[in-house]
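Encoded as structure tokens, the structure appears first; notes follow it.
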Amino acid sequence: MPFLGTIVNFLAVFICGILGMLVKKGVPKKISDALVSAMAICVIYIGIDGALEAAPEVPEDSFLSAGLVKVLVMVVSMALGTLIGEIIDIDKWVNRLGDLLEKKLIKDGEKGRFAKGFVSCSLLFCVGAMTVNGAFQDALGKPDILLAKSVIDGIMCFVMASTLGIGCAASAVFVFVYQGLLTLVGLFLADLLPAASISYMSVTGSLIIILIGTNMLGATKGKTANMTPAIFLPAIIAPLISLIIS
């Protein structure tokens, strides 16, 4: 059922945000750090599981194996996608958007606290490969990534809402609208693209999800936002490689 993952993600963020408000003194840093580390391990597992997805079949007379074609598509997509993202510097524009929203919305007092919670959580829950890849999979009736993301976002929202208040719960609306639109795009692509291309897109996105997890652990500092163009490139690269090897 398309949109199931987005609906569950919306409910998880909203409910956990409300519950987090009830923790008046905030979640102790020791506990919040431990929760982030635990969620990071889960994110890494989700990425590895997706990256190990079986490669689409190739023609029997192909001089390249299905596994090698999969690796080629991932490597070329990641290289070109990251290059494009770095040239555009998507990460910089995302940060500028956050800064702009904070300057426009955040003021002294409770209103400012609401805006900070809303902006911070909206950007945290919606920027990254897990959102894009998850929404596309959700469009295909595979909500697994977004269901796992719902648990992670819910825990993070609970922790943040304990100090930033109702604005964190309100970010659920942004999550619903943004991921819903991405799922609509995924539905369109599902009718337009071959199943093999969509599979390669999922695998490539899973590689970036692994980096999100290692970033959460502090082991790496990769700009995953700059890598998101790589998710879309298999739609072009996979057919080209298939044409060459056929």
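In the structure tokens, chains take the letters A, B, ... in the order shown, each chain's residues start at 1, and ligands count up from 1 in the order shown.
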Near A:Thr163, counting only C-alpha atoms, which residues have an atom at most 9 Å away, once you skip same-chain residues fewer than 4 positions from it, shown as number ranges by chain? A: 20-21, 23-27, 113, 117, 159
If we count only C-alpha atoms, what is near stretch 32-49 of chain A at a cut-off of 6 Å, once residues fewer than 2 positions away on the same chain are taken out, given as a ChimeraX atom specification? /A:29-30,51-52,206-207,209-210,213,216-217
For the selection you just gave me, I'd like the residues written to a file as a CSV table (one decimal), in the first residue's frame, keeping N, CA and C atoms.
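Written file, result.csv:
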chain,number,residue,atom,x,y,z
A,29,LYS,N,21.8,14.0,28.8
A,29,LYS,CA,22.7,13.9,27.7
A,29,LYS,C,23.2,12.4,27.6
A,30,LYS,N,23.5,11.8,28.7
A,30,LYS,CA,24.1,10.5,28.6
A,30,LYS,C,23.1,9.5,27.9
A,51,ALA,N,21.9,-2.4,0.4
A,51,ALA,CA,23.0,-2.5,-0.6
A,51,ALA,C,23.2,-3.9,-1.1
A,52,LEU,N,22.9,-4.9,-0.2
A,52,LEU,CA,23.1,-6.3,-0.6
A,52,LEU,C,21.9,-6.9,-1.4
A,206,SER,N,21.0,3.1,-0.7
A,206,SER,CA,21.4,2.4,0.5
A,206,SER,C,22.8,2.6,0.9
A,207,LEU,N,23.7,2.8,0.0
A,207,LEU,CA,25.1,3.2,0.3
A,207,LEU,C,25.2,4.5,1.1
A,209,ILE,N,22.8,5.7,2.9
A,209,ILE,CA,22.2,5.5,4.2
A,209,ILE,C,23.3,5.0,5.2
A,210,ILE,N,24.2,4.1,4.7
A,210,ILE,CA,25.3,3.6,5.5
A,210,ILE,C,26.1,4.8,6.1
A,213,GLY,N,24.5,6.6,8.9
A,213,GLY,CA,24.7,5.9,10.2
A,213,GLY,C,26.1,6.2,10.8
A,216,MET,N,26.3,9.6,12.2
A,216,MET,CA,25.6,9.7,13.5
A,216,MET,C,26.6,9.2,14.6
A,217,LEU,N,27.4,8.2,14.3
A,217,LEU,CA,28.3,7.7,15.3
A,217,LEU,C,29.6,8.6,15.4
Measuring atom to atom with only C-alpha atoms, identify which of A:Asp138, A:Asp144, A:Glu53, A:Asp89 is nearest to A:Tyr200. A:Glu53
Compile a residue-level contact table for stretch 42-126 of chain A against stretch 171-189 of chain A at a cut-off of 9 Å, reporting for every qualifying residue the shortest atom pair and its distance in Å to one decimal, with only C-alpha atoms counted, rows ordered by chain and ascending number, as JSON lines.
{"residue": "A:Gly117", "atom": "CA", "partner": "A:Ser171", "partner_atom": "CA", "distance": 7.8}
{"residue": "A:Phe118", "atom": "CA", "partner": "A:Ser171", "partner_atom": "CA", "distance": 5.0}
{"residue": "A:Val119", "atom": "CA", "partner": "A:Ser171", "partner_atom": "CA", "distance": 7.4}
{"residue": "A:Ser120", "atom": "CA", "partner": "A:Ser171", "partner_atom": "CA", "distance": 8.6}
{"residue": "A:Cys121", "atom": "CA", "partner": "A:Ser171", "partner_atom": "CA", "distance": 6.0}
{"residue": "A:Ser122", "atom": "CA", "partner": "A:Ser171", "partner_atom": "CA", "distance": 5.2}
{"residue": "A:Leu123", "atom": "CA", "partner": "A:Ser171", "partner_atom": "CA", "distance": 8.9}
{"residue": "A:Phe125", "atom": "CA", "partner": "A:Val175", "partner_atom": "CA", "distance": 7.0}
{"residue": "A:Cys126", "atom": "CA", "partner": "A:Val175", "partner_atom": "CA", "distance": 6.3}
Pull the alpha helix (DSSP H) assignments for stretch 36-229 of chain A out of DSSP run on the backbone, and list those residues as a VMD selection string. chain A and resid 36 to 51 66 to 88 90 to 105 110 to 126 129 to 139 144 to 164 166 to 192 195 to 217 229
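Computed from the coordinates, the atom CA of A:Leu19 to atom CA of A:Ala161 distance equals 8.0 Å.
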Which one is closest to A:Gly165: A:Leu11, A:Ile212, A:Leu22, A:Ile236? Count only C-alpha atoms. A:Leu22
